[in-house]
Amino acid sequence: MSTPLSPDALEARLREIGAERYHRNHPLHQAMYAGELTKGQLQAWALNRYYYQAQIPIKDATLLARLPTTELRREWRRRIEDHDGTEPGTGGIARWLKLTEGLGLDTPYVESLRGLLPATRFAVDAYVAYVRDRSILAAIASSLTELFSPTIIGERMEGMLRNYSFISEDTMAYFAPRLTQAPRDSTFALNYVKEHARTVEQQQEVIDALEFKCSVLWTLLDALDYAYVEGHTPPGAFIPTTP
Ligand SMILES: O=C(O)c1cc(C(=O)O)c2c(n1)C(=O)C(=O)c1cc(C(=O)O)[nH]c1-2
């Protein structure tokens, strides 16, 4: 880029990146909603994704501490409440544990993180570090994958309920609220970057942040694929007891 894009052209570029790189295109996601995974493979996915869910409010709290205005902090604080809830048993993390429990996993084991794949830990920690260490613009832009999450969540809910007899609406309770939370959050983030990324350098930072985040999500599925579809489970990682 030698001249800055208009805000709408920047949005179009970001949407192109999502269409090409979002984890919706990953073969493991496609196998999951097509009903091709075993219960054990779904357990491994839910157990590893728990770490992503658990670190999201930590990532948001590191950003919150750096935000300069009341309006921005108020906006970001709501995200933390969405995940942590406002009292015990509420919020996204608690709902994620309903999913792992519904799949037959022991909650203390999931929470202990003992069964995580090494790549899950590295990729999620890289996301938290990115948001902590980069500019506020890059940190906000890295949440923009959420522009694309309602589509993948819709596919996953529909496909998993249809194709796996052991999955119920109740088990999938995590996802329904995300269908309204994600568009609200990503609209805010998109408007912020369209307003604040004006120079070529700033726009490149935003593009790089979205590509980085797509790579984080892609890596999580690559690691699951290698360990639980290809069968190269690293030492210490979760081993499914159901087929
Ligand atoms: O199910 C998904 O595929 C998916 C994707 C993403 C995403 O695109 O980052 C998030 C979520 N779910 C999600 O549930 C969630 O809370 C969330 C927070 C964030 C973020 O970057 O702050 N992304 C996502």
# chains A, B, ... in the order shown; residues from 1 in each chain; ligands from 1
>>> residues_near_ligand(ligand="ligand 1", cutoff="7 Å", atoms="only C-alpha atoms and all ligand atoms", output="ChimeraX atom specification")
/A:53,56,60,142-146,148-149,152-153,178
>>> select_by_dssp(residues="range 146-220 of chain A", states="helix (DSSP H, G or I)", output="JSON, numbers by chain")
{"A": [146, 147, 149, 150, 151, 152, 153, 154, 155, 156, 157, 158, 159, 160, 161, 162, 163, 175, 176, 177, 178, 179, 180, 181, 182, 183, 184, 185, 186, 187, 188, 189, 190, 191, 192, 193, 194, 195, 196, 200, 201, 202, 203, 204, 205, 206, 207, 208, 209, 210, 211, 212, 213, 214, 215, 216, 217, 218, 219, 220]}
>>> atom_distance(atom1="CA of Pro150 in chain A", atom2="CA of Thr180 in chain A")
8.3 Å
>>> residues_around(residues="range 112-124 of chain A", least_positions_apart="5", cutoff="12 Å", atoms="only C-alpha atoms", output="number ranges by chain")
A: 43-56, 58-59, 105-107, 129-131, 212-228, 232-240
>>> closest_residue(among="A:Ala189, A:Leu147, A:Leu179, A:Ala141", to="Leu72 in chain A", atoms="only C-alpha atoms")
A:Ala189
>>> closest_residue(among="A:Gly104, A:Arg21, A:Phe175, A:Gly40", to="His83 in chain A", atoms="only C-alpha atoms")
A:Phe175
>>> decode(residues="range 114-130 of chain A", atoms="all heavy atoms", output="PDB file, in the first residue's frame")
ATOM      1  N   ARG A 114      -4.609 -29.698  32.530  1.00  0.00           N
ATOM      2  CA  ARG A 114      -3.560 -30.715  32.443  1.00  0.00           C
ATOM      3  C   ARG A 114      -3.552 -31.425  31.091  1.00  0.00           C
ATOM      4  O   ARG A 114      -2.515 -31.868  30.630  1.00  0.00           O
ATOM      5  CB  ARG A 114      -3.692 -31.736  33.594  1.00  0.00           C
ATOM      6  CG  ARG A 114      -3.018 -31.269  34.866  1.00  0.00           C
ATOM      7  CD  ARG A 114      -2.966 -32.345  35.907  1.00  0.00           C
ATOM      8  NE  ARG A 114      -4.284 -32.540  36.530  1.00  0.00           N
ATOM      9  CZ  ARG A 114      -4.985 -33.665  36.477  1.00  0.00           C
ATOM     10  NH1 ARG A 114      -4.504 -34.730  35.873  1.00  0.00           N
ATOM     11  NH2 ARG A 114      -6.175 -33.729  37.048  1.00  0.00           N
ATOM     12  N   GLY A 115      -4.730 -31.531  30.475  1.00  0.00           N
ATOM     13  CA  GLY A 115      -4.790 -32.295  29.224  1.00  0.00           C
ATOM     14  C   GLY A 115      -4.565 -31.482  27.958  1.00  0.00           C
ATOM     15  O   GLY A 115      -4.672 -32.000  26.848  1.00  0.00           O
ATOM     16  N   LEU A 116      -4.237 -30.191  28.107  1.00  0.00           N
ATOM     17  CA  LEU A 116      -4.106 -29.318  26.923  1.00  0.00           C
ATOM     18  C   LEU A 116      -3.010 -29.775  25.980  1.00  0.00           C
ATOM     19  O   LEU A 116      -1.963 -30.248  26.421  1.00  0.00           O
ATOM     20  CB  LEU A 116      -3.698 -27.904  27.347  1.00  0.00           C
ATOM     21  CG  LEU A 116      -4.708 -26.920  27.888  1.00  0.00           C
ATOM     22  CD1 LEU A 116      -4.072 -25.545  27.929  1.00  0.00           C
ATOM     23  CD2 LEU A 116      -5.971 -26.920  27.067  1.00  0.00           C
ATOM     24  N   LEU A 117      -3.212 -29.539  24.692  1.00  0.00           N
ATOM     25  CA  LEU A 117      -2.131 -29.701  23.729  1.00  0.00           C
ATOM     26  C   LEU A 117      -1.145 -28.548  23.922  1.00  0.00           C
ATOM     27  O   LEU A 117      -1.572 -27.406  24.141  1.00  0.00           O
ATOM     28  CB  LEU A 117      -2.675 -29.643  22.303  1.00  0.00           C
ATOM     29  CG  LEU A 117      -3.572 -30.797  21.878  1.00  0.00           C
ATOM     30  CD1 LEU A 117      -4.192 -30.502  20.511  1.00  0.00           C
ATOM     31  CD2 LEU A 117      -2.767 -32.099  21.821  1.00  0.00           C
ATOM     32  N   PRO A 118       0.162 -28.824  23.782  1.00  0.00           N
ATOM     33  CA  PRO A 118       1.127 -27.720  23.908  1.00  0.00           C
ATOM     34  C   PRO A 118       0.811 -26.580  22.943  1.00  0.00           C
ATOM     35  O   PRO A 118       0.916 -25.405  23.303  1.00  0.00           O
ATOM     36  CB  PRO A 118       2.468 -28.375  23.559  1.00  0.00           C
ATOM     37  CG  PRO A 118       2.273 -29.843  23.778  1.00  0.00           C
ATOM     38  CD  PRO A 118       0.818 -30.138  23.571  1.00  0.00           C
ATOM     39  N   ALA A 119       0.416 -26.901  21.718  1.00  0.00           N
ATOM     40  CA  ALA A 119       0.162 -25.844  20.716  1.00  0.00           C
ATOM     41  C   ALA A 119      -1.019 -24.963  21.118  1.00  0.00           C
ATOM     42  O   ALA A 119      -1.046 -23.774  20.795  1.00  0.00           O
ATOM     43  CB  ALA A 119      -0.082 -26.457  19.342  1.00  0.00           C
ATOM     44  N   THR A 120      -1.997 -25.529  21.824  1.00  0.00           N
ATOM     45  CA  THR A 120      -3.127 -24.724  22.291  1.00  0.00           C
ATOM     46  C   THR A 120      -2.622 -23.655  23.246  1.00  0.00           C
ATOM     47  O   THR A 120      -2.956 -22.476  23.145  1.00  0.00           O
ATOM     48  CB  THR A 120      -4.159 -25.609  23.024  1.00  0.00           C
ATOM     49  OG1 THR A 120      -4.617 -26.619  22.127  1.00  0.00           O
ATOM     50  CG2 THR A 120      -5.330 -24.796  23.533  1.00  0.00           C
ATOM     51  N   ARG A 121      -1.787 -24.108  24.171  1.00  0.00           N
ATOM     52  CA  ARG A 121      -1.266 -23.155  25.173  1.00  0.00           C
ATOM     53  C   ARG A 121      -0.445 -22.051  24.486  1.00  0.00           C
ATOM     54  O   ARG A 121      -0.626 -20.867  24.751  1.00  0.00           O
ATOM     55  CB  ARG A 121      -0.418 -23.913  26.197  1.00  0.00           C
ATOM     56  CG  ARG A 121      -0.193 -23.158  27.463  1.00  0.00           C
ATOM     57  CD  ARG A 121       0.702 -23.943  28.401  1.00  0.00           C
ATOM     58  NE  ARG A 121       0.052 -25.065  29.066  1.00  0.00           N
ATOM     59  CZ  ARG A 121      -0.633 -24.964  30.206  1.00  0.00           C
ATOM     60  NH1 ARG A 121      -0.786 -23.802  30.781  1.00  0.00           N
ATOM     61  NH2 ARG A 121      -1.175 -26.041  30.754  1.00  0.00           N
ATOM     62  N   PHE A 122       0.431 -22.453  23.575  1.00  0.00           N
ATOM     63  CA  PHE A 122       1.287 -21.460  22.914  1.00  0.00           C
ATOM     64  C   PHE A 122       0.462 -20.479  22.079  1.00  0.00           C
ATOM     65  O   PHE A 122       0.722 -19.276  22.091  1.00  0.00           O
ATOM     66  CB  PHE A 122       2.344 -22.137  22.032  1.00  0.00           C
ATOM     67  CG  PHE A 122       3.438 -22.816  22.817  1.00  0.00           C
ATOM     68  CD1 PHE A 122       3.788 -24.133  22.564  1.00  0.00           C
ATOM     69  CD2 PHE A 122       4.125 -22.134  23.817  1.00  0.00           C
ATOM     70  CE1 PHE A 122       4.798 -24.764  23.290  1.00  0.00           C
ATOM     71  CE2 PHE A 122       5.135 -22.754  24.550  1.00  0.00           C
ATOM     72  CZ  PHE A 122       5.468 -24.074  24.284  1.00  0.00           C
ATOM     73  N   ALA A 123      -0.504 -20.985  21.348  1.00  0.00           N
ATOM     74  CA  ALA A 123      -1.268 -20.109  20.452  1.00  0.00           C
ATOM     75  C   ALA A 123      -2.124 -19.133  21.258  1.00  0.00           C
ATOM     76  O   ALA A 123      -2.175 -17.939  20.957  1.00  0.00           O
ATOM     77  CB  ALA A 123      -2.141 -20.945  19.511  1.00  0.00           C
ATOM     78  N   VAL A 124      -2.800 -19.634  22.289  1.00  0.00           N
ATOM     79  CA  VAL A 124      -3.669 -18.754  23.083  1.00  0.00           C
ATOM     80  C   VAL A 124      -2.815 -17.738  23.849  1.00  0.00           C
ATOM     81  O   VAL A 124      -3.140 -16.545  23.896  1.00  0.00           O
ATOM     82  CB  VAL A 124      -4.560 -19.591  24.034  1.00  0.00           C
ATOM     83  CG1 VAL A 124      -5.317 -18.691  24.994  1.00  0.00           C
ATOM     84  CG2 VAL A 124      -5.537 -20.454  23.227  1.00  0.00           C
ATOM     85  N   ASP A 125      -1.694 -18.205  24.401  1.00  0.00           N
ATOM     86  CA  ASP A 125      -0.816 -17.268  25.124  1.00  0.00           C
ATOM     87  C   ASP A 125      -0.269 -16.198  24.169  1.00  0.00           C
ATOM     88  O   ASP A 125      -0.073 -15.042  24.568  1.00  0.00           O
ATOM     89  CB  ASP A 125       0.345 -18.013  25.801  1.00  0.00           C
ATOM     90  CG  ASP A 125      -0.118 -18.848  26.996  1.00  0.00           C
ATOM     91  OD1 ASP A 125      -1.303 -18.749  27.375  1.00  0.00           O
ATOM     92  OD2 ASP A 125       0.703 -19.604  27.546  1.00  0.00           O
ATOM     93  N   ALA A 126      -0.028 -16.586  22.926  1.00  0.00           N
ATOM     94  CA  ALA A 126       0.466 -15.600  21.945  1.00  0.00           C
ATOM     95  C   ALA A 126      -0.588 -14.522  21.698  1.00  0.00           C
ATOM     96  O   ALA A 126      -0.252 -13.348  21.513  1.00  0.00           O
ATOM     97  CB  ALA A 126       0.839 -16.298  20.640  1.00  0.00           C
ATOM     98  N   TYR A 127      -1.848 -14.910  21.697  1.00  0.00           N
ATOM     99  CA  TYR A 127      -2.922 -13.914  21.507  1.00  0.00           C
ATOM    100  C   TYR A 127      -2.956 -12.928  22.689  1.00  0.00           C
ATOM    101  O   TYR A 127      -3.009 -11.718  22.500  1.00  0.00           O
ATOM    102  CB  TYR A 127      -4.259 -14.641  21.337  1.00  0.00           C
ATOM    103  CG  TYR A 127      -5.459 -13.736  21.095  1.00  0.00           C
ATOM    104  CD1 TYR A 127      -5.334 -12.537  20.403  1.00  0.00           C
ATOM    105  CD2 TYR A 127      -6.720 -14.090  21.557  1.00  0.00           C
ATOM    106  CE1 TYR A 127      -6.433 -11.716  20.179  1.00  0.00           C
ATOM    107  CE2 TYR A 127      -7.822 -13.286  21.330  1.00  0.00           C
ATOM    108  CZ  TYR A 127      -7.678 -12.093  20.650  1.00  0.00           C
ATOM    109  OH  TYR A 127      -8.768 -11.289  20.436  1.00  0.00           O
ATOM    110  N   VAL A 128      -2.887 -13.462  23.897  1.00  0.00           N
ATOM    111  CA  VAL A 128      -2.914 -12.585  25.083  1.00  0.00           C
ATOM    112  C   VAL A 128      -1.700 -11.638  25.056  1.00  0.00           C
ATOM    113  O   VAL A 128      -1.828 -10.432  25.315  1.00  0.00           O
ATOM    114  CB  VAL A 128      -2.940 -13.421  26.384  1.00  0.00           C
ATOM    115  CG1 VAL A 128      -2.946 -12.509  27.618  1.00  0.00           C
ATOM    116  CG2 VAL A 128      -4.157 -14.343  26.418  1.00  0.00           C
ATOM    117  N   ALA A 129      -0.524 -12.171  24.700  1.00  0.00           N
ATOM    118  CA  ALA A 129       0.688 -11.341  24.666  1.00  0.00           C
ATOM    119  C   ALA A 129       0.592 -10.273  23.577  1.00  0.00           C
ATOM    120  O   ALA A 129       1.034  -9.134  23.763  1.00  0.00           O
ATOM    121  CB  ALA A 129       1.921 -12.223  24.438  1.00  0.00           C
ATOM    122  N   TYR A 130      -0.012 -10.640  22.464  1.00  0.00           N
ATOM    123  CA  TYR A 130      -0.166  -9.684  21.355  1.00  0.00           C
ATOM    124  C   TYR A 130      -0.994  -8.483  21.807  1.00  0.00           C
ATOM    125  O   TYR A 130      -0.625  -7.328  21.600  1.00  0.00           O
ATOM    126  CB  TYR A 130      -0.864 -10.413  20.201  1.00  0.00           C
ATOM    127  CG  TYR A 130      -0.861  -9.685  18.873  1.00  0.00           C
ATOM    128  CD1 TYR A 130       0.131  -9.931  17.935  1.00  0.00           C
ATOM    129  CD2 TYR A 130      -1.858  -8.773  18.546  1.00  0.00           C
ATOM    130  CE1 TYR A 130       0.142  -9.283  16.713  1.00  0.00           C
ATOM    131  CE2 TYR A 130      -1.858  -8.116  17.329  1.00  0.00           C
ATOM    132  CZ  TYR A 130      -0.854  -8.379  16.410  1.00  0.00           C
ATOM    133  OH  TYR A 130      -0.858  -7.736  15.194  1.00  0.00           O
TER     134      TYR A 130
END
